[in-house]
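> If it helps, the file is called final-v6.txt and holds compact mmCIF, C-alpha atoms (C1' of nucleotides):
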```
# COMPACT_ATOMS: atom_id res chain seq x y z
CA MET A 212 -11.71 -27.51 -3.94
CA ASN A 213 -12.46 -24.14 -2.43
CA ILE A 214 -11.41 -20.84 -3.93
CA GLY A 215 -8.05 -20.68 -2.19
CA GLU A 216 -6.96 -24.02 -3.53
CA ALA A 217 -8.31 -23.17 -6.94
CA SER A 218 -6.30 -20.01 -6.82
CA SER A 219 -2.98 -21.65 -6.07
CA ALA A 220 -3.71 -24.46 -8.49
CA SER A 221 -4.40 -22.04 -11.32
CA GLY A 222 -2.26 -19.04 -10.54
CA VAL A 223 -5.29 -16.78 -10.59
CA SER A 224 -5.93 -14.86 -7.38
CA ALA A 225 -9.12 -15.59 -5.45
CA LYS A 226 -10.11 -11.99 -5.98
CA MET A 227 -9.82 -12.35 -9.70
CA ILE A 228 -11.66 -15.64 -9.75
CA ARG A 229 -14.62 -13.95 -8.08
CA TYR A 230 -14.32 -11.04 -10.45
CA TYR A 231 -14.27 -13.28 -13.50
CA GLU A 232 -17.41 -14.85 -12.17
CA THR A 233 -19.24 -11.55 -11.76
CA ILE A 234 -18.40 -10.43 -15.28
CA GLY A 235 -19.48 -13.77 -16.61
CA LEU A 236 -16.13 -14.87 -17.97
CA ILE A 237 -16.47 -18.08 -16.01
CA ARG A 238 -19.71 -19.62 -14.93
CA ALA A 239 -20.82 -19.23 -11.35
CA ALA A 240 -19.27 -21.90 -9.18
CA SER A 241 -21.51 -24.17 -7.21
CA ARG A 242 -21.54 -23.69 -3.47
CA THR A 243 -21.37 -25.64 -0.28
CA GLU A 244 -24.28 -25.34 2.11
CA SER A 245 -22.49 -22.53 3.85
CA GLY A 246 -21.88 -20.61 0.66
CA TYR A 247 -18.28 -21.51 -0.11
CA ARG A 248 -17.50 -21.78 -3.80
CA ILE A 249 -16.48 -25.24 -5.02
CA TYR A 250 -14.21 -25.88 -7.98
CA GLY A 251 -13.44 -29.00 -9.93
CA ASP A 252 -10.64 -29.94 -12.28
CA ASP A 253 -12.43 -28.48 -15.27
CA ASP A 254 -12.64 -25.13 -13.58
CA ILE A 255 -8.95 -25.21 -12.79
CA HIS A 256 -8.25 -26.01 -16.38
CA THR A 257 -10.29 -23.04 -17.50
CA LEU A 258 -8.63 -20.76 -14.99
CA ARG A 259 -5.23 -21.82 -16.18
CA PHE A 260 -6.27 -21.12 -19.72
CA ILE A 261 -7.34 -17.67 -18.70
CA ARG A 262 -4.13 -17.10 -16.84
CA SER A 263 -2.05 -18.06 -19.86
CA ALA A 264 -4.04 -15.82 -22.12
CA ARG A 265 -3.68 -12.87 -19.79
CA ASP A 266 0.04 -13.51 -19.65
CA LEU A 267 0.06 -13.11 -23.39
CA GLY A 268 -1.70 -9.80 -23.04
CA PHE A 269 -5.16 -10.82 -24.22
CA SER A 270 -7.96 -8.74 -22.84
CA VAL A 271 -10.83 -10.30 -20.97
CA GLU A 272 -12.99 -9.71 -24.00
CA GLN A 273 -10.62 -11.57 -26.26
CA ILE A 274 -10.33 -14.33 -23.71
CA GLU A 275 -14.06 -14.73 -23.83
CA GLU A 276 -13.67 -15.33 -27.54
CA LEU A 277 -10.77 -17.70 -27.09
CA LEU A 278 -12.59 -19.69 -24.46
CA ALA A 279 -15.50 -20.14 -26.80
CA LEU A 280 -13.18 -21.29 -29.55
CA TRP A 281 -11.40 -23.59 -27.16
CA ARG A 282 -14.61 -25.29 -26.17
CA ASP A 283 -15.81 -25.57 -29.71
CA ARG A 284 -13.78 -28.55 -30.73
CA SER A 285 -14.83 -28.33 -34.33
CA ARG A 286 -13.98 -24.70 -34.97
CA ALA A 287 -11.51 -23.93 -37.73
CA SER A 288 -7.99 -23.23 -36.59
CA ALA A 289 -8.24 -20.20 -38.84
CA SER A 290 -10.62 -18.59 -36.35
CA VAL A 291 -8.12 -18.88 -33.56
CA LYS A 292 -5.29 -17.76 -35.71
CA SER A 293 -7.13 -14.64 -36.76
CA VAL A 294 -7.77 -13.62 -33.18
CA ALA A 295 -4.12 -14.21 -32.42
CA LEU A 296 -2.86 -12.30 -35.42
CA ARG A 297 -5.03 -9.34 -34.63
CA HIS A 298 -3.66 -9.33 -31.13
CA ILE A 299 -0.09 -9.59 -32.31
CA GLU A 300 -0.66 -6.50 -34.41
CA GLU A 301 -1.87 -4.58 -31.42
CA LEU A 302 0.96 -5.72 -29.21
CA GLU A 303 3.48 -4.66 -31.76
CA GLN A 304 1.75 -1.37 -32.33
CA LYS A 305 2.01 -0.55 -28.65
CA ALA A 306 5.55 -1.79 -28.52
CA ARG A 307 6.43 0.46 -31.40
CA GLU A 308 4.84 3.49 -29.76
CA LEU A 309 6.77 2.93 -26.60
CA HIS A 310 9.91 2.30 -28.50
CA ASN A 311 9.48 5.52 -30.44
CA MET A 312 9.03 7.50 -27.29
CA ALA A 313 12.13 5.93 -25.86
CA ALA A 314 14.09 6.64 -29.01
CA THR A 315 13.04 10.27 -29.08
CA LEU A 316 13.97 10.72 -25.48
CA ARG A 317 17.20 8.89 -25.86
CA HIS A 318 18.13 11.15 -28.70
CA LEU A 319 17.42 14.17 -26.56
CA ALA A 320 19.36 12.69 -23.68
CA GLU A 321 22.37 12.05 -25.81
CA ASN A 322 22.64 15.76 -26.42
CA CYS A 323 22.41 16.56 -22.76
CA ARG A 324 25.70 16.77 -20.95
CA GLY A 325 24.20 15.69 -17.67
CA ASP A 326 26.59 17.78 -15.66
CA GLN A 327 26.27 20.57 -13.11
CA ARG A 328 25.33 23.19 -15.63
CA PRO A 329 21.71 24.05 -16.23
CA HIS A 330 21.56 23.89 -20.01
CA CYS A 331 19.50 20.87 -21.01
CA PRO A 332 18.10 20.02 -24.44
CA ILE A 333 15.66 17.59 -22.93
CA ILE A 334 13.74 20.11 -20.94
CA ASP A 335 14.17 22.71 -23.65
CA SER A 336 12.55 20.40 -26.10
CA LEU A 337 9.61 19.80 -23.79
CA ALA A 338 9.19 23.54 -23.49
CA GLU A 339 9.43 24.31 -27.21
CA PRO A 340 6.14 24.34 -29.04
CA THR A 341 7.82 21.93 -31.44
CA GLN A 342 5.65 18.89 -31.66
CA ARG A 343 7.78 15.85 -32.04
CA ALA A 344 6.22 12.73 -30.63
CA ALA A 345 3.47 10.98 -32.50
CA LYS A 346 0.68 11.09 -29.99
CA PRO A 347 -1.53 8.00 -30.22
CA LYS A 348 -4.65 9.87 -29.16
CA ALA A 349 -5.17 7.77 -26.10
CA PRO A 350 -1.63 7.38 -24.78
CA PRO A 351 -0.27 3.98 -23.87
CA ARG A 352 -3.12 2.15 -22.32
CA PHE A 353 -3.72 -1.50 -22.38
CA GLY A 354 -5.84 -4.54 -22.86
CA LYS A 355 -8.24 -3.83 -25.65
CA PRO A 356 -9.07 -0.19 -25.26
CA ASP A 357 -12.28 1.40 -26.45
CA LEU A 358 -14.67 -0.78 -28.43
CA ILE A 359 -15.72 -2.54 -25.27
CA SER A 360 -17.78 0.20 -23.75
CA ASP A 361 -20.15 -1.13 -21.19
CA ARG A 362 -20.35 -4.86 -21.44
CA ALA A 363 -18.35 -5.65 -18.36
CA ALA A 364 -19.96 -2.93 -16.30
CA ARG A 365 -23.42 -4.10 -17.12
CA LYS A 366 -22.52 -7.57 -16.17
CA VAL A 367 -20.90 -6.48 -12.97
CA LYS A 368 -23.91 -4.49 -11.94
CA ALA A 369 -26.34 -7.04 -13.23
CA HIS A 370 -26.77 -10.37 -11.62
CA ARG A 371 -25.24 -10.53 -8.24
CA PRO A 372 -25.96 -14.06 -7.14
CA SER A 373 -28.42 -13.07 -4.44
CA GLY A 374 -25.64 -12.99 -1.91
CA MET A 375 -25.46 -14.57 1.44
CA ARG A 376 -25.04 -11.77 3.83
CA MET B 200 -8.05 33.54 -22.41
CA ASN B 201 -10.73 31.19 -21.18
CA ILE B 202 -10.35 27.44 -20.87
CA GLY B 203 -11.50 26.64 -24.39
CA GLU B 204 -8.93 28.89 -25.98
CA ALA B 205 -6.28 27.63 -23.61
CA SER B 206 -7.21 24.13 -24.63
CA SER B 207 -6.82 24.67 -28.35
CA ALA B 208 -3.69 26.74 -27.84
CA SER B 209 -2.05 24.02 -25.80
CA GLY B 210 -3.50 20.82 -27.15
CA VAL B 211 -4.72 19.82 -23.71
CA SER B 212 -8.44 19.23 -23.41
CA ALA B 213 -10.45 21.51 -21.16
CA LYS B 214 -11.38 18.47 -19.12
CA MET B 215 -7.76 17.65 -18.51
CA ILE B 216 -6.84 21.22 -17.69
CA ARG B 217 -9.43 21.22 -14.93
CA TYR B 218 -8.23 17.84 -13.79
CA TYR B 219 -4.61 18.96 -13.67
CA GLU B 220 -5.76 21.82 -11.53
CA THR B 221 -7.57 19.62 -9.04
CA ILE B 222 -4.59 17.32 -8.59
CA GLY B 223 -2.34 20.31 -8.17
CA LEU B 224 -0.20 19.77 -11.24
CA ILE B 225 -0.93 23.32 -12.31
CA ARG B 226 -1.88 26.13 -10.01
CA ALA B 227 -5.50 27.16 -9.79
CA ALA B 228 -6.32 29.62 -12.51
CA SER B 229 -7.69 32.99 -11.56
CA ARG B 230 -11.31 33.64 -12.36
CA THR B 231 -13.54 36.24 -13.89
CA GLU B 232 -16.30 37.64 -11.75
CA SER B 233 -18.62 35.03 -13.07
CA GLY B 234 -16.26 32.18 -12.29
CA TYR B 235 -14.67 31.52 -15.66
CA ARG B 236 -11.05 30.43 -15.50
CA ILE B 237 -8.57 32.84 -17.08
CA TYR B 238 -5.27 31.78 -18.61
CA GLY B 239 -2.25 33.76 -19.69
CA ASP B 240 0.66 32.98 -21.97
CA ASP B 241 2.63 31.45 -19.13
CA ASP B 242 -0.13 29.00 -18.45
CA ILE B 243 -0.27 28.02 -22.08
CA HIS B 244 3.43 27.49 -22.03
CA THR B 245 3.11 25.22 -19.04
CA LEU B 246 0.26 23.31 -20.58
CA ARG B 247 2.24 22.76 -23.73
CA PHE B 248 5.11 21.49 -21.66
CA ILE B 249 2.80 19.05 -19.97
CA ARG B 250 1.37 17.98 -23.27
CA SER B 251 4.81 17.27 -24.71
CA ALA B 252 5.82 15.31 -21.66
CA ARG B 253 2.66 13.20 -21.80
CA ASP B 254 3.34 12.55 -25.45
CA LEU B 255 6.66 11.12 -24.40
CA GLY B 256 4.90 8.86 -21.94
CA PHE B 257 5.81 10.62 -18.73
CA SER B 258 3.36 10.11 -15.92
CA VAL B 259 1.77 13.03 -14.16
CA GLU B 260 4.02 12.36 -11.22
CA GLN B 261 7.13 12.58 -13.33
CA ILE B 262 5.80 15.68 -15.01
CA GLU B 263 5.47 17.28 -11.62
CA GLU B 264 9.18 16.63 -11.21
CA LEU B 265 10.03 17.89 -14.66
CA LEU B 266 8.02 21.05 -14.20
CA ALA B 267 9.90 21.81 -11.02
CA LEU B 268 13.19 21.26 -12.79
CA TRP B 269 12.06 23.38 -15.67
CA ARG B 270 11.25 26.28 -13.43
CA ASP B 271 14.47 25.96 -11.48
CA ARG B 272 16.74 27.64 -13.92
CA SER B 273 19.85 26.78 -11.96
CA ARG B 274 19.28 23.06 -11.59
CA ALA B 275 21.94 20.75 -12.96
CA SER B 276 21.18 19.24 -16.34
CA ALA B 277 22.16 15.97 -14.70
CA SER B 278 18.93 16.06 -12.69
CA VAL B 279 16.83 16.25 -15.80
CA LYS B 280 18.86 13.66 -17.57
CA SER B 281 18.47 11.20 -14.73
CA VAL B 282 14.70 11.52 -14.78
CA ALA B 283 14.76 11.02 -18.51
CA LEU B 284 17.05 8.02 -18.39
CA ARG B 285 14.96 6.34 -15.76
CA HIS B 286 11.92 6.87 -17.92
CA ILE B 287 13.66 5.53 -21.00
CA GLU B 288 14.43 2.37 -19.08
CA GLU B 289 10.81 1.92 -18.16
CA LEU B 290 9.59 2.57 -21.66
CA GLU B 291 11.96 0.03 -23.06
CA GLN B 292 11.08 -2.46 -20.38
CA LYS B 293 7.40 -2.25 -21.31
CA ALA B 294 8.23 -2.34 -24.98
CA ARG B 295 10.25 -5.47 -24.43
CA GLU B 296 7.45 -7.15 -22.51
CA LEU B 297 4.99 -6.44 -25.26
CA HIS B 298 7.43 -7.51 -27.86
CA ASN B 299 8.03 -10.78 -26.06
CA MET B 300 4.37 -11.51 -25.89
CA ALA B 301 4.03 -10.78 -29.56
CA ALA B 302 7.00 -12.99 -30.36
CA THR B 303 5.65 -15.88 -28.34
CA LEU B 304 2.30 -15.61 -29.99
CA ARG B 305 3.79 -15.21 -33.39
CA HIS B 306 5.77 -18.34 -32.90
CA LEU B 307 2.65 -20.19 -31.95
CA ALA B 308 0.78 -18.74 -34.88
CA GLU B 309 3.43 -19.84 -37.31
CA ASN B 310 2.75 -23.42 -36.38
CA CYS B 311 -0.95 -23.03 -36.86
CA ARG B 312 -2.22 -23.89 -40.30
CA GLY B 313 -5.07 -21.47 -40.07
CA ASP B 314 -7.30 -23.65 -42.18
CA GLN B 315 -10.64 -25.33 -41.74
CA ARG B 316 -9.37 -28.05 -39.49
CA PRO B 317 -9.66 -27.72 -35.75
CA HIS B 318 -6.12 -28.56 -34.70
CA CYS B 319 -4.47 -25.40 -33.40
CA PRO B 320 -1.21 -25.10 -31.46
CA ILE B 321 -2.15 -21.65 -30.27
CA ILE B 322 -5.15 -22.69 -28.30
CA ASP B 323 -3.47 -25.91 -27.27
CA SER B 324 -0.65 -23.95 -25.79
CA LEU B 325 -3.05 -21.77 -23.83
CA ALA B 326 -4.67 -24.88 -22.48
CA GLU B 327 -1.46 -26.69 -21.54
CA PRO B 328 -0.31 -26.11 -18.02
CA THR B 329 3.02 -25.21 -19.58
CA GLN B 330 3.93 -21.78 -18.42
CA ARG B 331 5.64 -19.91 -21.15
CA ALA B 332 5.18 -16.20 -20.94
CA ALA B 333 7.10 -14.25 -18.35
CA LYS B 334 4.34 -12.61 -16.43
CA PRO B 335 5.37 -9.19 -15.22
CA LYS B 336 3.29 -9.46 -12.06
CA ALA B 337 1.05 -6.58 -12.99
CA PRO B 338 0.48 -7.10 -16.70
CA PRO B 339 0.98 -4.27 -19.15
CA ARG B 340 -0.23 -1.19 -17.43
CA PHE B 341 1.00 2.26 -17.87
CA GLY B 342 2.16 5.55 -16.59
CA LYS B 343 4.13 4.98 -13.43
CA PRO B 344 2.30 2.19 -11.71
CA ASP B 345 2.31 1.61 -7.98
CA LEU B 346 4.57 3.78 -5.86
CA ILE B 347 2.13 6.60 -6.22
CA SER B 348 -0.58 5.24 -4.00
CA ASP B 349 -2.79 7.99 -2.77
CA ARG B 350 -1.24 11.31 -3.65
CA ALA B 351 -3.52 12.14 -6.52
CA ALA B 352 -6.61 10.85 -4.80
CA ARG B 353 -5.98 12.93 -1.74
CA LYS B 354 -5.46 15.97 -3.83
CA VAL B 355 -8.56 15.33 -5.86
CA LYS B 356 -10.70 14.93 -2.81
CA ALA B 357 -8.96 17.65 -0.88
CA HIS B 358 -9.37 21.25 -1.86
CA ARG B 359 -12.21 21.82 -4.19
CA PRO B 360 -11.94 25.51 -4.87
CA SER B 361 -15.06 26.44 -2.96
CA GLY B 362 -17.08 26.11 -6.11
CA MET B 363 -19.61 28.40 -7.54
CA ARG B 364 -22.75 26.45 -7.74
C1' DA C 160 -14.36 -22.84 23.64
C1' DT C 161 -11.51 -20.32 21.28
C1' DA C 162 -7.95 -19.00 17.94
C1' DG C 163 -6.78 -18.17 13.44
C1' DA C 164 -6.95 -19.41 8.75
C1' DC C 165 -9.99 -19.44 5.69
C1' DG C 166 -14.46 -17.92 3.17
C1' DT C 167 -18.26 -14.39 2.03
C1' DT C 168 -19.95 -9.58 0.28
C1' DC C 169 -19.35 -4.76 -0.72
C1' DC C 170 -16.74 -0.56 -1.45
C1' DA C 171 -12.87 2.05 -2.96
C1' DA C 172 -8.59 2.80 -5.03
C1' DC C 173 -4.98 2.83 -8.84
C1' DG C 174 -3.97 6.42 -13.76
C1' DA C 175 -5.42 9.31 -17.23
C1' DT C 176 -9.14 10.40 -19.77
C1' DA C 177 -13.88 11.02 -21.65
C1' DG C 178 -19.00 11.47 -21.46
C1' DG C 179 -22.85 13.59 -19.76
C1' DA C 180 -26.24 16.00 -16.66
C1' DA C 181 -27.82 20.30 -14.85
C1' DG C 182 -27.11 24.69 -14.63
C1' DG C 183 -24.88 29.65 -15.36
C1' DT C 184 -22.67 33.26 -18.77
C1' DC C 185 -21.69 35.60 -22.88
C1' DA C 186 -22.00 37.11 -27.56
C1' DA C 187 -24.64 38.22 -31.33
C1' DT C 188 -28.77 38.31 -33.66
C1' DG C 189 -33.91 39.14 -34.23
C1' DC D 29 -34.86 43.50 -24.91
C1' DA D 30 -35.33 38.55 -25.55
C1' DT D 31 -33.80 34.60 -27.35
C1' DT D 32 -30.39 31.46 -29.22
C1' DG D 33 -26.47 28.74 -29.11
C1' DA D 34 -21.80 28.34 -27.91
C1' DC D 35 -19.41 28.44 -24.22
C1' DC D 36 -18.48 27.92 -19.15
C1' DT D 37 -19.27 25.88 -14.31
C1' DT D 38 -19.49 21.66 -10.98
C1' DC D 39 -20.35 16.85 -10.06
C1' DC D 40 -20.81 12.01 -11.15
C1' DT D 41 -19.75 7.97 -13.83
C1' DA D 42 -17.27 5.09 -16.76
C1' DT D 43 -13.16 2.85 -18.74
C1' DC D 44 -9.60 -1.83 -17.67
C1' DG D 45 -7.76 -5.31 -14.57
C1' DT D 46 -6.32 -5.73 -10.18
C1' DT D 47 -5.61 -5.11 -5.28
C1' DG D 48 -6.70 -3.72 -0.50
C1' DG D 49 -9.59 -3.55 3.25
C1' DA D 50 -13.80 -3.66 6.24
C1' DA D 51 -17.15 -6.37 8.44
C1' DC D 52 -18.74 -10.52 9.02
C1' DG D 53 -19.41 -15.90 8.62
C1' DT D 54 -17.22 -20.82 8.62
C1' DC D 55 -14.10 -24.45 9.36
C1' DT D 56 -10.47 -26.92 11.76
C1' DA D 57 -7.33 -27.93 15.27
C1' DT D 58 -5.96 -27.35 19.66
```
Please, can you express the file's structure as structure tokens?


Amino acid sequence: MNIGEASSASGVSAKMIRYYETIGLIRAASRTESGYRIYGDDDIHTLRFIRSARDLGFSVEQIEELLALWRDRSRASASVKSVALRHIEELEQKARELHNMAATLRHLAENCRGDQRPHCPIIDSLAEPTQRAAKPKAPPRFGKPDLISDRAARKVKAHRPSGMR
Amino acid sequence: MNIGEASSASGVSAKMIRYYETIGLIRAASRTESGYRIYGDDDIHTLRFIRSARDLGFSVEQIEELLALWRDRSRASASVKSVALRHIEELEQKARELHNMAATLRHLAENCRGDQRPHCPIIDSLAEPTQRAAKPKAPPRFGKPDLISDRAARKVKAHRPSGMR
DNA sequence: ATAGACGTTCCAACGATAGGAAGGTCAATG
DNA sequence: CATTGACCTTCCTATCGTTGGAACGTCTAT
């Protein structure tokens, strides 16, 4: 299977498959004589796993962890559960932040006539020095923020597979 | 007022103030003879406005809109309200996505004993080809995605204020 | 043989923000 | 008057995950 087939079989774009390889999330695929990547069923399985985990909002770093746990068939289910629970917390934290912003704004909007006249509590509130929204330092970002620092970058820069070009 | 004072008066970091200038969100500050940026009360007011809007999750692009509406003292409050309502929709959409992910995971986690034994429905579910999570195409990103394309970039590259260096 | 659908690498962009290097300026102190 | 240290300046890089495109090579079918 070449990368295109692997992509449609797994739901992960070819671009991302290559990317996951460079950051070391998946092992480097073997190649045909002409340099095409070759994938087997195991690889597809892994890619699908990754896809599912991303769909659940896990960061690449967490997926690395999950993959390791997945392959370790004797690990305690507690290990997996703890990763999951931590992630659930984060998801809900973000959801709450967004929800709070929406609620604040909605409240403001309710007091705005929304007609032809200029008076508008929404924009007035933005202009007032009144601080109202709880600002989460780094505003709504995603996939594990911080804590990661340079791992991926190092890997990206590091071993490029002595390319054919 | 120099940039440091403007920063603490407005709650916007000096870095961001300079950035907002390069992308054209705020007008270029005037300078002292030696090249220091100078800010007045109006600028602080604007910066505070921006800060509030960011705290409510508005993207820079939307803030551009809001600033224009703010300065247009004869605009209809309906214009502001419509921007706000659109944004509320987006915030709640994201919140819902995150919440759904959390709910899915939580459900999985509830069926996981979290003990010493290896059996774990969470990781099994990731591994199954069963697709479960609604994948929002581009997973949880933030601040107006897409649609923006190159505006900011162009501005950033464009007019650097004939620097002193 | 040639078209065109694939593959390869490398580079840049998205959005908002922070870190840091290398240098210039300003205030106050010795 | 010189030095110190806190500030300012610009420029470059990184973050995170993903996509787009350029420039080029390969494979397959006509």

> Please measure the separation of atom C1' of C:DC170 and atom CA of A:Glu244, giving the value in Å to one decimal.

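Rounded to one decimal, the two atoms are 26.1 Å apart.
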
> Distance cut-off 7 Å, counting only C-alpha atoms - which residues of chain B neighbour chain A? Return them as JSON, numbers by chain.

{"B": [247, 248, 251, 252, 254, 255, 256, 269, 272, 273, 274, 275, 276, 277, 280, 287, 290, 291, 294, 297, 298, 300, 301, 304, 305, 308, 311, 312, 313, 314, 315, 316, 317, 318, 319, 322, 325, 326, 328, 332, 334, 339, 340, 341]}

> Work out how far apart atom CA of A:Ile214 and atom C1' of D:DA51 are and give it in Å to one decimal.

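About the pair atom CA of A:Ile214 and atom C1' of D:DA51: they are 19.9 Å apart.
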
> With 9 Å as the limit and counting only C-alpha atoms (C1' of nucleotides), what residues in chain C lie close to chain B? Please list them as JSON, numbers by chain.

{"C": [172, 173, 174, 175, 176, 177, 182, 183, 184]}

> Take the selection from the previous step and output its residues with C-alpha atoms (C1' of nucleotides), as a compact mmCIF listing (two decimals), in the coordinates of the input.


```
# COMPACT_ATOMS: atom_id res chain seq x y z
C1' DA C 172 -8.59 2.80 -5.03
C1' DC C 173 -4.98 2.83 -8.84
C1' DG C 174 -3.97 6.42 -13.76
C1' DA C 175 -5.42 9.31 -17.23
C1' DT C 176 -9.14 10.40 -19.77
C1' DA C 177 -13.88 11.02 -21.65
C1' DG C 182 -27.11 24.69 -14.63
C1' DG C 183 -24.88 29.65 -15.36
C1' DT C 184 -22.67 33.26 -18.77
```

> Given the choices D:DT58, D:DT47, D:DC39, D:DT31, which gets closest to chain A if the distance is worked out from only C-alpha atoms (C1' of nucleotides)?

D:DT47

> What is the distance between atom CA of A:Ser241 and atom C1' of C:DT168, in Å to one decimal?

16.5 Å

> Between D:DG53, D:DG33, D:DT41, D:DG48, which has the minimum distance to chain B (counting only C-alpha atoms (C1' of nucleotides))?

D:DG48

> Just need the residues of chain D within 8 Å of chain A, counting all atoms listed in the file, so spit them out as a ChimeraX atom specification.

/D:43-44,46,54
